[in-house]
Amino acid sequence: MVEDVRTLETGGVVDRRTLFLGLVDVALVAGLVLVGFLNHGGNPVDAPLDALETMTPFVIGWLVVVPLADIYAPRALSSSTTAARVTALAWLAAVNVGLLLRSSPAFEGGVTWPFNLVMTGTGLVVLLTWRIGYAATVGD
């Protein structure tokens, strides 16, 4: 039985599965960016704010897009094919929001063409693997 978690909004309720999916999704997006940060010589222990600033645009992008894509609706996990389609569309939109933010004056570092390709492709692989696997194992 899925238990509900009351939100701070006007009586809204989020079930535990949605909360779990959301936490894993955000952790994967943040983790993906953190791996890139480490690969480019960053150290999140020595420079935690730099690591956070690197992750923030993409986490914001994900959080902005997923409600619009309705990625946490039960139908989004009704099959592996549906999970793949919804997740791919959500990530393609979210990574673009993240890239726009990352290239803005609000964040240091900017972006180059290879970075766009790596973020888009790697994010697709990571999120699709997770979401398709989840839908195949636990889906409705």
# chains A, B, ... in the order shown; residues from 1 in each chain; ligands from 1

call {"tool": "residues_around", "arguments": {"residues": "Leu101 in chain A", "least_positions_apart": "6", "cutoff": "12 Å", "atoms": "only C-alpha atoms", "output": "NGL selection string"}}
result
:A and (53-62 or 64 or 94-95 or 107-111)

call {"tool": "write_last_selection", "arguments": {"atoms": "C-alpha atoms", "output": "mmCIF file, in the first residue's frame"}}
result
data_model
loop_
_atom_site.group_PDB
_atom_site.id
_atom_site.type_symbol
_atom_site.label_atom_id
_atom_site.label_comp_id
_atom_site.auth_asym_id
_atom_site.auth_seq_id
_atom_site.Cartn_x
_atom_site.Cartn_y
_atom_site.Cartn_z
ATOM 1 C CA GLU A 53 26.944 26.325 -8.561
ATOM 2 C CA THR A 54 27.806 23.788 -11.261
ATOM 3 C CA MET A 55 24.870 21.503 -10.348
ATOM 4 C CA THR A 56 22.237 24.162 -9.698
ATOM 5 C CA PRO A 57 21.284 25.150 -13.292
ATOM 6 C CA PHE A 58 20.566 21.541 -14.251
ATOM 7 C CA VAL A 59 18.649 20.704 -11.086
ATOM 8 C CA ILE A 60 16.588 23.874 -11.616
ATOM 9 C CA GLY A 61 16.021 22.853 -15.245
ATOM 10 C CA TRP A 62 14.771 19.439 -14.140
ATOM 11 C CA VAL A 64 11.008 23.414 -13.830
ATOM 12 C CA ALA A 94 15.399 20.253 -18.794
ATOM 13 C CA VAL A 95 18.959 20.110 -20.104
ATOM 14 C CA PHE A 107 26.456 31.406 -13.295
ATOM 15 C CA GLU A 108 30.213 31.269 -13.834
ATOM 16 C CA GLY A 109 31.783 28.899 -16.306
ATOM 17 C CA GLY A 110 29.684 29.230 -19.415
ATOM 18 C CA VAL A 111 29.243 26.360 -21.842
#

call {"tool": "select_by_dssp", "arguments": {"residues": "chain A", "states": "strand (DSSP E)", "output": "ChimeraX atom specification"}}
result
/A:4-6,13-15

call {"tool": "atom_distance", "arguments": {"atom1": "CA of Val33 in chain A", "atom2": "CA of Thr137 in chain A"}}
result
26.6 Å

call {"tool": "select_by_dssp", "arguments": {"residues": "range 8-124 of chain A", "states": "alpha helix (DSSP H)", "output": "PyMOL selection string"}}
result
chain A and resi 16-39+48-69+80-102+113-124

call {"tool": "closest_residue", "arguments": {"among": "A:Ala69, A:Ala135, A:Val86, A:Leu63", "to": "Gly98 in chain A", "atoms": "only C-alpha atoms"}}
result
A:Leu63

call {"tool": "residues_around", "arguments": {"residues": "range 112-126 of chain A", "least_positions_apart": "5", "cutoff": "10 Å", "atoms": "only C-alpha atoms", "output": "PyMOL selection string"}}
result
chain A and resi 25+28-29+32-33+36+58+84+87-96+98-99+103+131

call {"tool": "closest_residue", "arguments": {"among": "A:Pro74, A:Pro105, A:Gly31, A:Gly133", "to": "Ala51 in chain A", "atoms": "only C-alpha atoms"}}
result
A:Gly31

call {"tool": "residues_around", "arguments": {"residues": "Ala136 in chain A", "least_positions_apart": "5", "cutoff": "9 Å", "atoms": "only C-alpha atoms", "output": "number ranges by chain"}}
result
A: 77-80, 131

call {"tool": "closest_residue", "arguments": {"among": "A:Val97, A:His40, A:Leu34, A:Leu21", "to": "Leu52 in chain A", "atoms": "only C-alpha atoms"}}
result
A:Leu34

call {"tool": "decode", "arguments": {"residues": "range 5-46 of chain A", "atoms": "N, CA and C atoms", "output": "mmCIF file, in the first residue's frame"}}
result
data_model
loop_
_atom_site.group_PDB
_atom_site.id
_atom_site.type_symbol
_atom_site.label_atom_id
_atom_site.label_comp_id
_atom_site.auth_asym_id
_atom_site.auth_seq_id
_atom_site.Cartn_x
_atom_site.Cartn_y
_atom_site.Cartn_z
ATOM 1 N N VAL A 5 2.229 11.524 1.493
ATOM 2 C CA VAL A 5 2.977 12.509 2.254
ATOM 3 C C VAL A 5 2.321 13.851 1.991
ATOM 4 N N ARG A 6 1.896 14.528 3.048
ATOM 5 C CA ARG A 6 1.250 15.823 2.886
ATOM 6 C C ARG A 6 2.305 16.865 2.551
ATOM 7 N N THR A 7 1.991 17.738 1.592
ATOM 8 C CA THR A 7 2.927 18.797 1.215
ATOM 9 C C THR A 7 2.548 20.081 1.927
ATOM 10 N N LEU A 8 3.405 21.071 1.829
ATOM 11 C CA LEU A 8 3.146 22.356 2.467
ATOM 12 C C LEU A 8 2.169 23.206 1.674
ATOM 13 N N GLU A 9 1.900 22.813 0.440
ATOM 14 C CA GLU A 9 0.973 23.575 -0.382
ATOM 15 C C GLU A 9 -0.446 23.383 0.139
ATOM 16 N N THR A 10 -1.397 23.913 -0.540
ATOM 17 C CA THR A 10 -2.779 23.911 -0.088
ATOM 18 C C THR A 10 -3.370 22.515 -0.067
ATOM 19 N N GLY A 11 -2.939 21.717 0.894
ATOM 20 C CA GLY A 11 -3.522 20.390 1.062
ATOM 21 C C GLY A 11 -3.076 19.374 0.038
ATOM 22 N N GLY A 12 -2.088 19.692 -0.792
ATOM 23 C CA GLY A 12 -1.622 18.744 -1.797
ATOM 24 C C GLY A 12 -1.021 17.507 -1.151
ATOM 25 N N VAL A 13 -1.121 16.390 -1.839
ATOM 26 C CA VAL A 13 -0.592 15.139 -1.314
ATOM 27 C C VAL A 13 0.305 14.515 -2.373
ATOM 28 N N VAL A 14 1.473 14.063 -1.946
ATOM 29 C CA VAL A 14 2.406 13.382 -2.833
ATOM 30 C C VAL A 14 2.584 11.969 -2.296
ATOM 31 N N ASP A 15 2.370 10.968 -3.157
ATOM 32 C CA ASP A 15 2.553 9.602 -2.675
ATOM 33 C C ASP A 15 4.041 9.295 -2.561
ATOM 34 N N ARG A 16 4.359 8.282 -1.792
ATOM 35 C CA ARG A 16 5.759 7.938 -1.513
ATOM 36 C C ARG A 16 6.515 7.543 -2.781
ATOM 37 N N ARG A 17 5.845 6.910 -3.728
ATOM 38 C CA ARG A 17 6.511 6.530 -4.973
ATOM 39 C C ARG A 17 6.966 7.770 -5.735
ATOM 40 N N THR A 18 6.108 8.769 -5.821
ATOM 41 C CA THR A 18 6.464 10.009 -6.509
ATOM 42 C C THR A 18 7.622 10.700 -5.797
ATOM 43 N N LEU A 19 7.565 10.735 -4.479
ATOM 44 C CA LEU A 19 8.640 11.333 -3.700
ATOM 45 C C LEU A 19 9.954 10.587 -3.941
ATOM 46 N N PHE A 20 9.906 9.264 -3.930
ATOM 47 C CA PHE A 20 11.091 8.441 -4.188
ATOM 48 C C PHE A 20 11.648 8.711 -5.587
ATOM 49 N N LEU A 21 10.775 8.689 -6.592
ATOM 50 C CA LEU A 21 11.210 8.946 -7.971
ATOM 51 C C LEU A 21 11.842 10.329 -8.101
ATOM 52 N N GLY A 22 11.205 11.314 -7.500
ATOM 53 C CA GLY A 22 11.729 12.675 -7.573
ATOM 54 C C GLY A 22 13.095 12.809 -6.928
ATOM 55 N N LEU A 23 13.269 12.190 -5.774
ATOM 56 C CA LEU A 23 14.563 12.253 -5.093
ATOM 57 C C LEU A 23 15.655 11.556 -5.894
ATOM 58 N N VAL A 24 15.340 10.390 -6.457
ATOM 59 C CA VAL A 24 16.335 9.679 -7.267
ATOM 60 C C VAL A 24 16.650 10.476 -8.527
ATOM 61 N N ASP A 25 15.630 11.023 -9.182
ATOM 62 C CA ASP A 25 15.853 11.828 -10.390
ATOM 63 C C ASP A 25 16.802 12.993 -10.110
ATOM 64 N N VAL A 26 16.518 13.749 -9.058
ATOM 65 C CA VAL A 26 17.348 14.909 -8.723
ATOM 66 C C VAL A 26 18.761 14.460 -8.337
ATOM 67 N N ALA A 27 18.862 13.363 -7.590
ATOM 68 C CA ALA A 27 20.186 12.845 -7.218
ATOM 69 C C ALA A 27 20.982 12.435 -8.457
ATOM 70 N N LEU A 28 20.317 11.829 -9.433
ATOM 71 C CA LEU A 28 21.012 11.427 -10.660
ATOM 72 C C LEU A 28 21.464 12.633 -11.476
ATOM 73 N N VAL A 29 20.608 13.630 -11.589
ATOM 74 C CA VAL A 29 20.986 14.842 -12.329
ATOM 75 C C VAL A 29 22.161 15.528 -11.622
ATOM 76 N N ALA A 30 22.053 15.695 -10.306
ATOM 77 C CA ALA A 30 23.140 16.324 -9.548
ATOM 78 C C ALA A 30 24.408 15.475 -9.613
ATOM 79 N N GLY A 31 24.257 14.164 -9.493
ATOM 80 C CA GLY A 31 25.411 13.264 -9.553
ATOM 81 C C GLY A 31 26.104 13.301 -10.898
ATOM 82 N N LEU A 32 25.327 13.368 -11.957
ATOM 83 C CA LEU A 32 25.890 13.458 -13.305
ATOM 84 C C LEU A 32 26.769 14.700 -13.438
ATOM 85 N N VAL A 33 26.268 15.818 -12.968
ATOM 86 C CA VAL A 33 27.033 17.060 -13.045
ATOM 87 C C VAL A 33 28.250 16.992 -12.117
ATOM 88 N N LEU A 34 28.083 16.386 -10.958
ATOM 89 C CA LEU A 34 29.195 16.256 -10.019
ATOM 90 C C LEU A 34 30.323 15.400 -10.597
ATOM 91 N N VAL A 35 29.984 14.345 -11.317
ATOM 92 C CA VAL A 35 31.008 13.520 -11.974
ATOM 93 C C VAL A 35 31.795 14.370 -12.976
ATOM 94 N N GLY A 36 31.096 15.187 -13.739
ATOM 95 C CA GLY A 36 31.780 16.087 -14.665
ATOM 96 C C GLY A 36 32.664 17.085 -13.936
ATOM 97 N N PHE A 37 32.176 17.599 -12.831
ATOM 98 C CA PHE A 37 32.951 18.538 -12.010
ATOM 99 C C PHE A 37 34.248 17.878 -11.542
ATOM 100 N N LEU A 38 34.147 16.645 -11.074
ATOM 101 C CA LEU A 38 35.327 15.896 -10.623
ATOM 102 C C LEU A 38 36.278 15.602 -11.783
ATOM 103 N N ASN A 39 35.717 15.217 -12.931
ATOM 104 C CA ASN A 39 36.544 14.900 -14.103
ATOM 105 C C ASN A 39 37.325 16.105 -14.620
ATOM 106 N N HIS A 40 36.842 17.288 -14.313
ATOM 107 C CA HIS A 40 37.525 18.499 -14.759
ATOM 108 C C HIS A 40 38.371 19.110 -13.645
ATOM 109 N N GLY A 41 38.711 18.297 -12.658
ATOM 110 C CA GLY A 41 39.623 18.735 -11.610
ATOM 111 C C GLY A 41 38.980 19.438 -10.438
ATOM 112 N N GLY A 42 37.661 19.505 -10.413
ATOM 113 C CA GLY A 42 36.987 20.126 -9.281
ATOM 114 C C GLY A 42 37.018 19.215 -8.067
ATOM 115 N N ASN A 43 36.972 19.814 -6.904
ATOM 116 C CA ASN A 43 36.938 19.051 -5.664
ATOM 117 C C ASN A 43 35.804 19.594 -4.805
ATOM 118 N N PRO A 44 34.707 18.842 -4.681
ATOM 119 C CA PRO A 44 33.559 19.352 -3.934
ATOM 120 C C PRO A 44 33.823 19.544 -2.444
ATOM 121 N N VAL A 45 34.862 18.903 -1.913
ATOM 122 C CA VAL A 45 35.204 19.091 -0.503
ATOM 123 C C VAL A 45 35.930 20.424 -0.322
ATOM 124 N N ASP A 46 36.867 20.710 -1.226
ATOM 125 C CA ASP A 46 37.615 21.969 -1.152
ATOM 126 C C ASP A 46 36.807 23.163 -1.653
#
